[in-house]
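Trainee: Data file query.cif (mmCIF, C-alpha atoms) is appended below.
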data_data
#
loop_
_atom_site.label_atom_id
_atom_site.label_comp_id
_atom_site.auth_asym_id
_atom_site.auth_seq_id
_atom_site.Cartn_x
_atom_site.Cartn_y
_atom_site.Cartn_z
CA MET A 225 116.57 126.01 82.74
CA SER A 226 113.47 124.55 81.09
CA ARG A 227 113.60 123.71 77.42
CA GLU A 228 111.05 125.14 75.01
CA PRO A 229 108.56 122.48 73.83
CA GLU A 230 109.34 121.12 70.39
CA PHE A 231 107.34 122.90 67.72
CA ARG A 232 105.31 120.67 65.44
CA PRO A 233 102.80 121.98 62.91
CA HIS A 234 99.33 120.43 62.77
CA ARG A 235 99.41 117.81 60.01
CA VAL A 236 96.55 117.91 57.49
CA VAL A 237 96.29 114.97 55.09
CA VAL A 238 94.07 115.43 52.05
CA LEU A 239 92.69 112.22 50.53
CA ALA A 240 92.69 112.48 46.73
CA LEU A 241 90.23 110.10 45.05
CA ASP A 242 89.84 109.40 41.34
CA GLY A 243 87.40 111.85 39.77
CA LEU A 244 88.35 114.60 42.19
CA LEU A 245 87.68 118.28 41.53
CA PRO A 246 91.03 120.13 41.23
CA PHE A 247 89.55 123.28 42.73
CA GLU A 248 88.48 121.45 45.89
CA LEU A 249 91.79 119.64 46.14
CA GLY A 250 93.54 123.00 46.23
CA ILE A 251 91.38 124.53 48.97
CA PRO A 252 93.04 122.85 52.00
CA HIS A 253 96.51 123.60 50.61
CA ARG A 254 95.63 127.24 50.05
CA ILE A 255 93.90 127.88 53.39
CA PHE A 256 96.01 125.72 55.71
CA GLY A 257 99.22 126.55 53.88
CA ARG A 258 99.02 130.25 54.84
CA PRO A 259 98.83 130.58 58.66
CA ARG A 260 102.09 131.39 60.49
CA ASP A 261 102.93 131.87 64.14
CA SER A 262 104.65 134.95 65.55
CA ARG A 263 108.03 133.57 64.44
CA GLY A 264 106.87 132.98 60.89
CA ARG A 265 106.67 129.20 61.28
CA PRO A 266 103.84 127.41 59.43
CA LEU A 267 101.05 126.34 61.76
CA TYR A 268 99.95 123.53 59.45
CA GLU A 269 101.68 120.97 57.29
CA VAL A 270 99.55 119.82 54.35
CA VAL A 271 100.18 116.65 52.36
CA THR A 272 98.09 114.79 49.79
CA CYS A 273 97.68 111.05 49.65
CA SER A 274 95.92 108.47 47.50
CA VAL A 275 94.24 105.17 48.33
CA ARG A 276 96.97 103.54 46.22
CA PRO A 277 100.77 103.76 46.18
CA PRO A 278 102.15 107.10 44.96
CA GLY A 279 101.21 107.89 41.38
CA PRO A 280 98.67 109.68 39.18
CA VAL A 281 95.09 110.33 40.31
CA ARG A 282 92.40 111.18 37.77
CA THR A 283 90.51 114.46 38.04
CA ASP A 284 87.23 115.51 36.49
CA ALA A 285 89.25 117.73 34.14
CA ASP A 286 91.47 116.77 31.19
CA PHE A 287 94.51 116.14 33.39
CA SER A 288 95.63 113.96 36.29
CA VAL A 289 97.57 114.97 39.39
CA MET A 290 100.70 113.20 40.65
CA VAL A 291 100.24 112.27 44.30
CA GLU A 292 103.43 111.49 46.21
CA HIS A 293 101.97 109.73 49.26
CA GLY A 294 100.09 106.45 49.66
CA PRO A 295 97.32 105.67 52.17
CA GLU A 296 99.87 105.18 54.97
CA ALA A 297 100.02 108.98 55.25
CA LEU A 298 96.53 108.91 56.80
CA ALA A 299 98.06 107.34 59.91
CA THR A 300 100.16 110.50 60.45
CA ALA A 301 97.25 112.95 60.20
CA ASP A 302 95.93 115.25 62.88
CA THR A 303 93.16 116.21 60.44
CA VAL A 304 91.97 114.30 57.37
CA VAL A 305 90.16 116.21 54.61
CA VAL A 306 88.13 114.37 51.94
CA PRO A 307 87.27 116.56 48.91
CA ALA A 308 84.53 115.66 46.43
CA SER A 309 84.86 113.13 43.66
CA TYR A 310 82.69 112.33 40.64
CA GLU A 311 83.77 108.68 40.70
CA LEU A 312 82.62 107.49 44.10
CA GLY A 313 80.76 104.53 42.57
CA PRO A 314 79.21 102.26 45.24
CA VAL A 315 79.99 104.81 47.95
CA PHE A 316 77.60 107.29 46.34
CA GLU A 317 75.15 104.78 44.87
CA GLN A 318 74.77 102.19 47.65
CA GLY A 319 76.53 103.82 50.59
CA VAL A 320 79.21 101.12 50.88
CA LEU A 321 82.99 101.46 50.77
CA THR A 322 85.11 99.71 48.19
CA GLU A 323 87.68 97.34 49.64
CA GLU A 324 90.46 99.68 48.52
CA LEU A 325 88.90 102.70 50.21
CA ALA A 326 88.04 100.80 53.38
CA THR A 327 91.64 99.60 53.66
CA ALA A 328 92.93 103.15 53.24
CA LEU A 329 90.57 104.62 55.84
CA ALA A 330 91.60 101.96 58.34
CA HIS A 331 94.92 103.81 58.65
CA ILE A 332 93.19 106.78 60.35
CA ARG A 333 93.98 106.89 64.06
CA PRO A 334 91.15 107.20 66.62
CA GLY A 335 90.66 110.82 67.62
CA THR A 336 91.78 112.22 64.26
CA ARG A 337 89.71 115.20 63.18
CA LEU A 338 87.77 114.52 59.97
CA ALA A 339 86.43 116.98 57.41
CA SER A 340 84.73 116.69 54.04
CA ILE A 341 84.10 119.07 51.18
CA CYS A 342 80.92 118.69 49.13
CA THR A 343 80.22 115.03 48.25
CA GLY A 344 83.30 113.89 50.12
CA VAL A 345 80.79 113.50 52.96
CA PHE A 346 79.58 110.25 51.36
CA VAL A 347 82.96 108.69 52.13
CA LEU A 348 82.76 109.65 55.80
CA ALA A 349 79.13 108.50 55.94
CA ALA A 350 79.83 105.13 54.32
CA ALA A 351 82.66 104.58 56.82
CA GLY A 352 80.22 105.14 59.70
CA PHE A 353 81.85 108.31 60.99
CA LEU A 354 78.61 110.32 60.75
CA ASP A 355 76.08 107.99 62.38
CA GLY A 356 74.02 109.96 64.87
CA ARG A 357 75.66 113.23 63.85
CA ARG A 358 74.61 116.38 62.03
CA ALA A 359 76.14 116.92 58.58
CA THR A 360 75.66 118.66 55.25
CA THR A 361 76.70 118.46 51.61
CA HIS A 362 75.93 120.22 48.31
CA TRP A 363 72.26 121.18 48.31
CA ALA A 364 71.62 119.07 45.19
CA GLU A 365 72.65 115.90 47.07
CA THR A 366 71.25 116.46 50.57
CA GLU A 367 68.09 114.43 49.95
CA HIS A 368 70.14 111.57 48.49
CA LEU A 369 72.49 111.67 51.47
CA GLN A 370 69.55 111.51 53.88
CA ARG A 371 67.90 108.60 52.06
CA LEU A 372 71.14 106.63 51.85
CA PHE A 373 72.16 107.28 55.47
CA PRO A 374 69.02 107.77 57.60
CA LYS A 375 71.08 107.79 60.82
CA ILE A 376 72.58 111.15 59.83
CA ASP A 377 70.85 114.44 60.65
CA VAL A 378 71.31 116.18 57.29
CA ASP A 379 71.03 119.98 57.29
CA PRO A 380 70.46 121.16 53.69
CA ASP A 381 70.66 124.90 54.34
CA VAL A 382 74.03 125.59 55.95
CA LEU A 383 77.45 126.21 54.39
CA PHE A 384 79.14 123.85 56.83
CA VAL A 385 78.51 121.86 59.99
CA ASP A 386 80.95 121.73 62.91
CA ASP A 387 80.17 118.62 64.95
CA GLY A 388 83.33 118.68 67.02
CA ASP A 389 85.81 116.21 65.60
CA VAL A 390 83.85 115.74 62.36
CA LEU A 391 83.11 118.69 60.07
CA THR A 392 81.29 118.72 56.74
CA SER A 393 80.72 121.43 54.14
CA ALA A 394 78.32 122.21 51.34
CA GLY A 395 79.46 122.30 47.72
CA VAL A 396 82.71 123.54 46.22
CA ALA A 397 83.48 127.04 47.56
CA ALA A 398 81.87 126.19 50.90
CA GLY A 399 85.05 124.21 51.47
CA ILE A 400 86.80 127.56 51.83
CA ASP A 401 84.32 128.58 54.53
CA LEU A 402 84.90 125.29 56.33
CA CYS A 403 88.70 125.47 56.23
CA LEU A 404 88.67 129.10 57.40
CA HIS A 405 86.39 128.06 60.24
CA ILE A 406 88.86 125.36 61.26
CA VAL A 407 91.71 127.89 61.26
CA ARG A 408 89.55 130.27 63.29
CA ARG A 409 88.74 127.50 65.75
CA ASP A 410 92.38 126.45 66.06
CA HIS A 411 94.12 129.82 66.15
CA GLY A 412 91.56 132.60 66.51
CA THR A 413 89.82 135.19 64.39
CA ALA A 414 92.86 137.33 63.62
CA VAL A 415 94.78 134.47 62.01
CA ALA A 416 91.75 133.31 59.99
CA THR A 417 90.98 136.85 58.85
CA GLU A 418 94.54 137.35 57.63
CA VAL A 419 94.34 134.10 55.64
CA ALA A 420 91.02 135.22 54.14
CA ARG A 421 92.46 138.61 53.24
CA ARG A 422 95.43 137.03 51.46
CA THR A 423 93.09 134.62 49.68
CA VAL A 424 90.81 137.54 48.70
CA VAL A 425 87.68 135.94 50.16
CA PRO A 426 85.38 137.07 52.98
CA PRO A 427 86.44 135.72 56.38
CA HIS A 428 82.81 134.80 56.99
CA ARG A 429 79.86 134.58 54.59
CA ASP A 430 76.37 135.52 55.72
CA GLY A 431 73.65 132.90 55.59
CA GLY A 432 73.75 129.37 54.26
CA GLN A 433 73.36 127.60 50.95
CA ALA A 434 69.58 128.04 50.96
CA GLN A 435 70.15 131.38 49.21
CA TYR A 436 71.72 129.57 46.23
CA ILE A 437 68.87 127.12 45.64
CA GLN A 438 66.30 127.88 42.95
CA ARG A 439 62.88 126.49 43.79
CA PRO A 440 60.65 126.65 40.72
CA VAL A 441 56.90 126.73 41.14
CA PRO A 442 55.49 123.18 40.91
CA ASP A 443 53.30 122.77 37.85
CA PRO A 444 51.71 119.32 37.71
CA GLN A 445 50.26 118.60 34.27
CA GLN A 446 46.89 117.53 35.68
CA ALA A 447 46.82 119.67 38.78
CA THR A 448 43.47 120.95 39.90
CA THR A 449 44.85 124.04 41.62
CA THR A 450 46.91 125.32 38.68
CA ALA A 451 44.56 128.15 37.82
CA ALA A 452 44.48 129.39 41.41
CA ARG A 453 48.25 129.38 41.61
CA ALA A 454 48.59 131.24 38.30
CA TRP A 455 46.03 133.78 39.52
CA ALA A 456 47.91 134.27 42.79
CA LEU A 457 51.28 134.66 41.08
CA GLY A 458 49.91 137.60 39.14
CA ARG A 459 48.80 139.28 42.37
CA LEU A 460 51.59 138.64 44.85
CA HIS A 461 51.73 142.37 45.59
CA GLU A 462 48.11 142.27 46.79
CA PRO A 463 46.55 140.68 49.89
CA ILE A 464 45.47 137.17 48.86
CA GLN A 465 42.89 135.26 50.87
CA LEU A 466 42.61 131.47 50.90
CA ARG A 467 38.91 131.68 50.12
CA ASP A 468 39.67 133.70 46.98
CA MET A 469 42.09 131.03 45.74
CA ALA A 470 39.56 128.28 46.46
CA ALA A 471 36.89 130.23 44.59
CA ARG A 472 39.06 130.26 41.46
CA GLU A 473 38.72 126.46 41.40
CA SER A 474 35.09 126.41 42.58
CA MET A 475 36.05 124.44 45.69
CA SER A 476 35.42 124.77 49.38
CA VAL A 477 38.37 126.04 51.38
CA ARG A 478 38.77 122.64 53.02
CA THR A 479 38.80 120.71 49.73
CA PHE A 480 41.09 123.24 48.06
CA THR A 481 43.58 123.14 50.93
CA ARG A 482 43.71 119.34 50.87
CA ARG A 483 44.21 119.13 47.08
CA PHE A 484 46.71 121.98 47.11
CA ARG A 485 48.85 120.19 49.67
CA GLU A 486 48.60 116.91 47.69
CA GLU A 487 49.80 118.62 44.50
CA VAL A 488 52.36 121.09 45.80
CA GLY A 489 53.52 119.48 49.05
CA VAL A 490 52.90 122.52 51.28
CA SER A 491 49.90 124.53 52.43
CA PRO A 492 48.62 127.48 50.34
CA GLY A 493 49.94 129.90 52.96
CA GLN A 494 53.41 128.35 52.93
CA TRP A 495 53.42 128.34 49.14
CA LEU A 496 52.48 132.02 48.98
CA THR A 497 55.33 132.90 51.33
CA GLN A 498 57.76 130.87 49.21
CA GLN A 499 56.66 132.65 46.04
CA ARG A 500 56.94 136.05 47.69
CA VAL A 501 60.46 135.19 48.83
CA GLU A 502 61.31 134.15 45.26
CA ARG A 503 59.82 137.39 43.91
CA ALA A 504 61.82 139.41 46.42
CA ARG A 505 65.00 137.55 45.43
CA GLN A 506 64.38 138.30 41.76
CA LEU A 507 63.78 142.00 42.41
CA LEU A 508 66.80 142.31 44.70
CA GLU A 509 69.00 140.73 42.03
CA THR A 510 67.68 142.51 38.95
CA THR A 511 66.42 145.95 40.02
CA ASP A 512 67.58 149.03 41.90
CA ARG A 513 64.31 149.40 43.77
CA SER A 514 64.52 150.21 47.45
CA VAL A 515 64.01 147.47 50.02
CA ASP A 516 60.75 149.15 51.08
CA ARG A 517 59.47 149.16 47.51
CA ILE A 518 60.46 145.52 46.93
CA ALA A 519 58.71 144.54 50.17
CA ARG A 520 55.50 146.06 48.84
CA ASP A 521 55.92 144.65 45.33
CA ALA A 522 56.54 141.15 46.67
CA GLY A 523 53.51 141.31 48.94
CA PHE A 524 55.25 141.50 52.31
CA GLY A 525 53.93 144.96 53.03
CA THR A 526 56.85 146.23 55.11
CA ALA A 527 60.61 145.94 54.91
CA GLN A 528 60.67 144.48 58.41
CA SER A 529 58.30 141.68 57.40
CA MET A 530 60.34 140.89 54.29
CA ARG A 531 63.56 140.93 56.31
CA GLN A 532 62.13 138.40 58.76
CA HIS A 533 60.92 136.09 55.98
CA LEU A 534 64.22 136.20 54.04
CA GLN A 535 66.18 135.64 57.23
CA THR A 536 64.05 132.57 57.96
CA ALA A 537 64.10 131.19 54.41
CA LEU A 538 67.62 132.11 53.28
CA GLY A 539 69.54 132.97 56.41
CA VAL A 540 70.41 136.47 55.16
CA THR A 541 68.94 139.96 55.20
CA PRO A 542 67.70 141.63 51.98
CA THR A 543 70.71 143.95 52.01
CA ALA A 544 73.20 141.09 52.39
CA TYR A 545 71.45 139.10 49.67
CA ARG A 546 71.52 142.02 47.25
CA ARG A 547 75.17 142.74 48.02
CA THR A 548 76.06 139.16 47.05
CA PHE A 549 73.86 138.59 44.02
CA ARG A 550 73.36 142.07 42.62
CA ALA A 551 77.14 142.37 42.27
CA GLY A 552 77.21 139.09 40.37
CA ALA A 553 74.41 140.18 38.06
CA GLY A 554 76.13 143.49 37.39
CA ALA A 555 79.39 141.76 36.57
#
Go ahead and express the file in the form of structure tokens.
Mentor:
Amino acid sequence: MSREPEFRPHRVVVLALDGLLPFELGIPHRIFGRPRDSRGRPLYEVVTCSVRPPGPVRTDADFSVMVEHGPEALATADTVVVPASYELGPVFEQGVLTEELATALAHIRPGTRLASICTGVFVLAAAGFLDGRRATTHWAETEHLQRLFPKIDVDPDVLFVDDGDVLTSAGVAAGIDLCLHIVRRDHGTAVATEVARRTVVPPHRDGGQAQYIQRPVPDPQQATTTAARAWALGRLHEPIQLRDMAARESMSVRTFTRRFREEVGVSPGQWLTQQRVERARQLLETTDRSVDRIARDAGFGTAQSMRQHLQTALGVTPTAYRRTFRAGAGA
């Protein structure tokens, strides 16, 4: 008679660094601490470790947390999760590991799955785990991440990136999306959905973090296309021709296009689309106008055209965007 294989939960080790965000530290424990098999046994075991012997770790709040495991725990991990920290020092500034952190990460066994939340990605990047891979982080730090680590393919728009054995997420709450995705990948949709339901979060969020980024209109102090841009912003609901914008500055279309791109960084047509997307976002958030009406008021003409542009720019439909942000504005 064959014996049943020994049951062992998947071990998740969370690396707590000084300056950590308590909210992010709690995400892996909350999400991975919930799943159970058909017998009620936990599918994951979650422990927290420090780069030092057991003891207090500073947070970005007015309290510290007592961590009961040292860096040796990393050697026992099936998955290592690195949450964000506001005290990454040379890791964030120069892209190099401190000796203490490098020694701790050396405990990780080859083949261990790695995940980061928000700026925790800088730790994985500095350790070389992301070279030649796609990754993301909080939208405010994506450009810095790309400059510091040019070998990484940084995607600034998504909530998380699954690159097989290395996964990275955008800021803060995107860590929930990432951890739910890991549960879904490991144990299927039903298990992940039940965890999401108990956590009172959506099992899957539409779109990426592009929908959370505000992109103000550039306004150079000595710009030579300022008047044309101000004129166009007052007429986004109307058809706007490039020659009309150029005429506002008494320039040829060719000269205007070149100077516009020098000052703003994109072509006049791209800029107009961006501003119409921003206008549509504002109206979806702050008014009860129909999608058809907002499409006309923002200058897209039809709801279908606006839907395509928002899907391209933000990764969500107008209805999904309004459902997310109109509720927040109402609250």
Trainee: For this file, the PyMOL selection byres ((chain A and resi 462-478) around 12) selects which residues, as a PyMOL selection string?
Mentor: chain A and resi 447-461+479-485+491-497+500+519-525
Trainee: Restricting the calculation to only C-alpha atoms: of A:Gln433, A:Ala537, A:Ser529, A:Phe549, which residue gets closest to Thr510 (chain A)?
Mentor: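 Nearest to Thr510 (chain A): A:Phe549.
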Trainee: In Å, how far is it from CA of Tyr310 (chain A) to CA of Glu269 (chain A)?
Mentor: 26.7 Å
Trainee: Please provide as a compact mmCIF listing (two decimals) with C-alpha atoms, keeping the file's coordinate frame all residues within 6 Å of region 333-337 of chain A, with the sequence filter that same-chain residues fewer than 2 positions apart are discarded (counting all atoms listed in the file).
Mentor:
# COMPACT_ATOMS: atom_id res chain seq x y z
CA ALA A 299 98.06 107.34 59.91
CA ASP A 302 95.93 115.25 62.88
CA THR A 303 93.16 116.21 60.44
CA ASP A 389 85.81 116.21 65.60
CA VAL A 390 83.85 115.74 62.36
Trainee: Can you work out the spacing between CA of Thr322 (chain A) and CA of Phe384 (chain A) in Å, to one decimal?
Mentor: 26.3 Å
Trainee: What is the distance, in Å and to one decimal place, between CA of His533 (chain A) and CA of Pro380 (chain A)?
Mentor: 17.9 Å
Trainee: If the PyMOL selection byres ((chain A and resi 393) around 9) were run on this exact file, what residues would it hold? Put them as a list in words.
Mentor: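 Applied to this file, the PyMOL selection byres ((chain A and resi 393) around 9) selects Ala339, Ser340, Ile341, Cys342, Thr343, Gly344, Val345, Ala359, Thr360, Thr361, His362, Val382, Leu383, Phe384, Val385, Asp386, Leu391, Thr392, Ala394, Gly395, Val396, Ala398, Gly399, Ile400, Asp401 and Leu402 of chain A.
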Trainee: Could you pull the residues within 7 Å of region 231-236 of chain A, counting all atoms listed in the file, minus those fewer than 3 positions along the same chain, as an NGL selection string?
Mentor: :A and (266-271 or 301-304)
Trainee: Could you state which residues are captured by the PyMOL selection byres ((chain A and resi 317-320) around 9) in this file, as number ranges by chain?
Mentor: A: 312-316, 321-322, 346-347, 349-351, 369, 372-373
Trainee: Scan for residues within 12 Å of the point (98.4, 100.4, 47.1) in the coordinates of the file, using all atoms listed in the file, and reply as a PyMOL selection string.
Mentor: chain A and resi 273-279+293-297+323-325+327-328
Trainee: Those same residues, written as a short mmCIF file (atom, residue, chain, number, x, y, z; two decimals), in the coordinates of the input with C-alpha atoms?
Mentor:
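The result, written out as result-v7.cif:
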data_model
loop_
_atom_site.label_atom_id
_atom_site.label_comp_id
_atom_site.auth_asym_id
_atom_site.auth_seq_id
_atom_site.Cartn_x
_atom_site.Cartn_y
_atom_site.Cartn_z
CA CYS A 273 97.68 111.05 49.65
CA SER A 274 95.92 108.47 47.50
CA VAL A 275 94.24 105.17 48.33
CA ARG A 276 96.97 103.54 46.22
CA PRO A 277 100.77 103.76 46.18
CA PRO A 278 102.15 107.10 44.96
CA GLY A 279 101.21 107.89 41.38
CA HIS A 293 101.97 109.73 49.26
CA GLY A 294 100.09 106.45 49.66
CA PRO A 295 97.32 105.67 52.17
CA GLU A 296 99.87 105.18 54.97
CA ALA A 297 100.02 108.98 55.25
CA GLU A 323 87.68 97.34 49.64
CA GLU A 324 90.46 99.68 48.52
CA LEU A 325 88.90 102.70 50.21
CA THR A 327 91.64 99.60 53.66
CA ALA A 328 92.93 103.15 53.24
#
Trainee: My list of candidates is A:Gly388, A:Gly539, A:Gly432, A:Pro246. Which is closest to Ala308 (chain A) when distances are computed with all atoms listed in the file?
Mentor: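 Checking each of A:Gly388, A:Gly539, A:Gly432, A:Pro246 against Ala308 (chain A), counting all atoms listed in the file, the winner is A:Pro246.
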Trainee: Find the residues around Gln528 (chain A) up to 12 Å (all atoms listed in the file counted), leave out those fewer than 6 positions away in its own chain, and share them as a PDB file with C-alpha atoms, keeping the file's coordinate frame.
Mentor:
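The result, stored in part_7.pdb:
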ATOM      1  CA  VAL A 515      64.010 147.470  50.020  1.00  0.00           C
ATOM      2  CA  ASP A 516      60.750 149.150  51.080  1.00  0.00           C
ATOM      3  CA  ARG A 517      59.470 149.160  47.510  1.00  0.00           C
ATOM      4  CA  ILE A 518      60.460 145.520  46.930  1.00  0.00           C
ATOM      5  CA  ALA A 519      58.710 144.540  50.170  1.00  0.00           C
ATOM      6  CA  ARG A 520      55.500 146.060  48.840  1.00  0.00           C
ATOM      7  CA  LEU A 534      64.220 136.200  54.040  1.00  0.00           C
ATOM      8  CA  GLN A 535      66.180 135.640  57.230  1.00  0.00           C
ATOM      9  CA  THR A 541      68.940 139.960  55.200  1.00  0.00           C
ATOM     10  CA  PRO A 542      67.700 141.630  51.980  1.00  0.00           C
ATOM     11  CA  THR A 543      70.710 143.950  52.010  1.00  0.00           C
TER      12      THR A 543
END
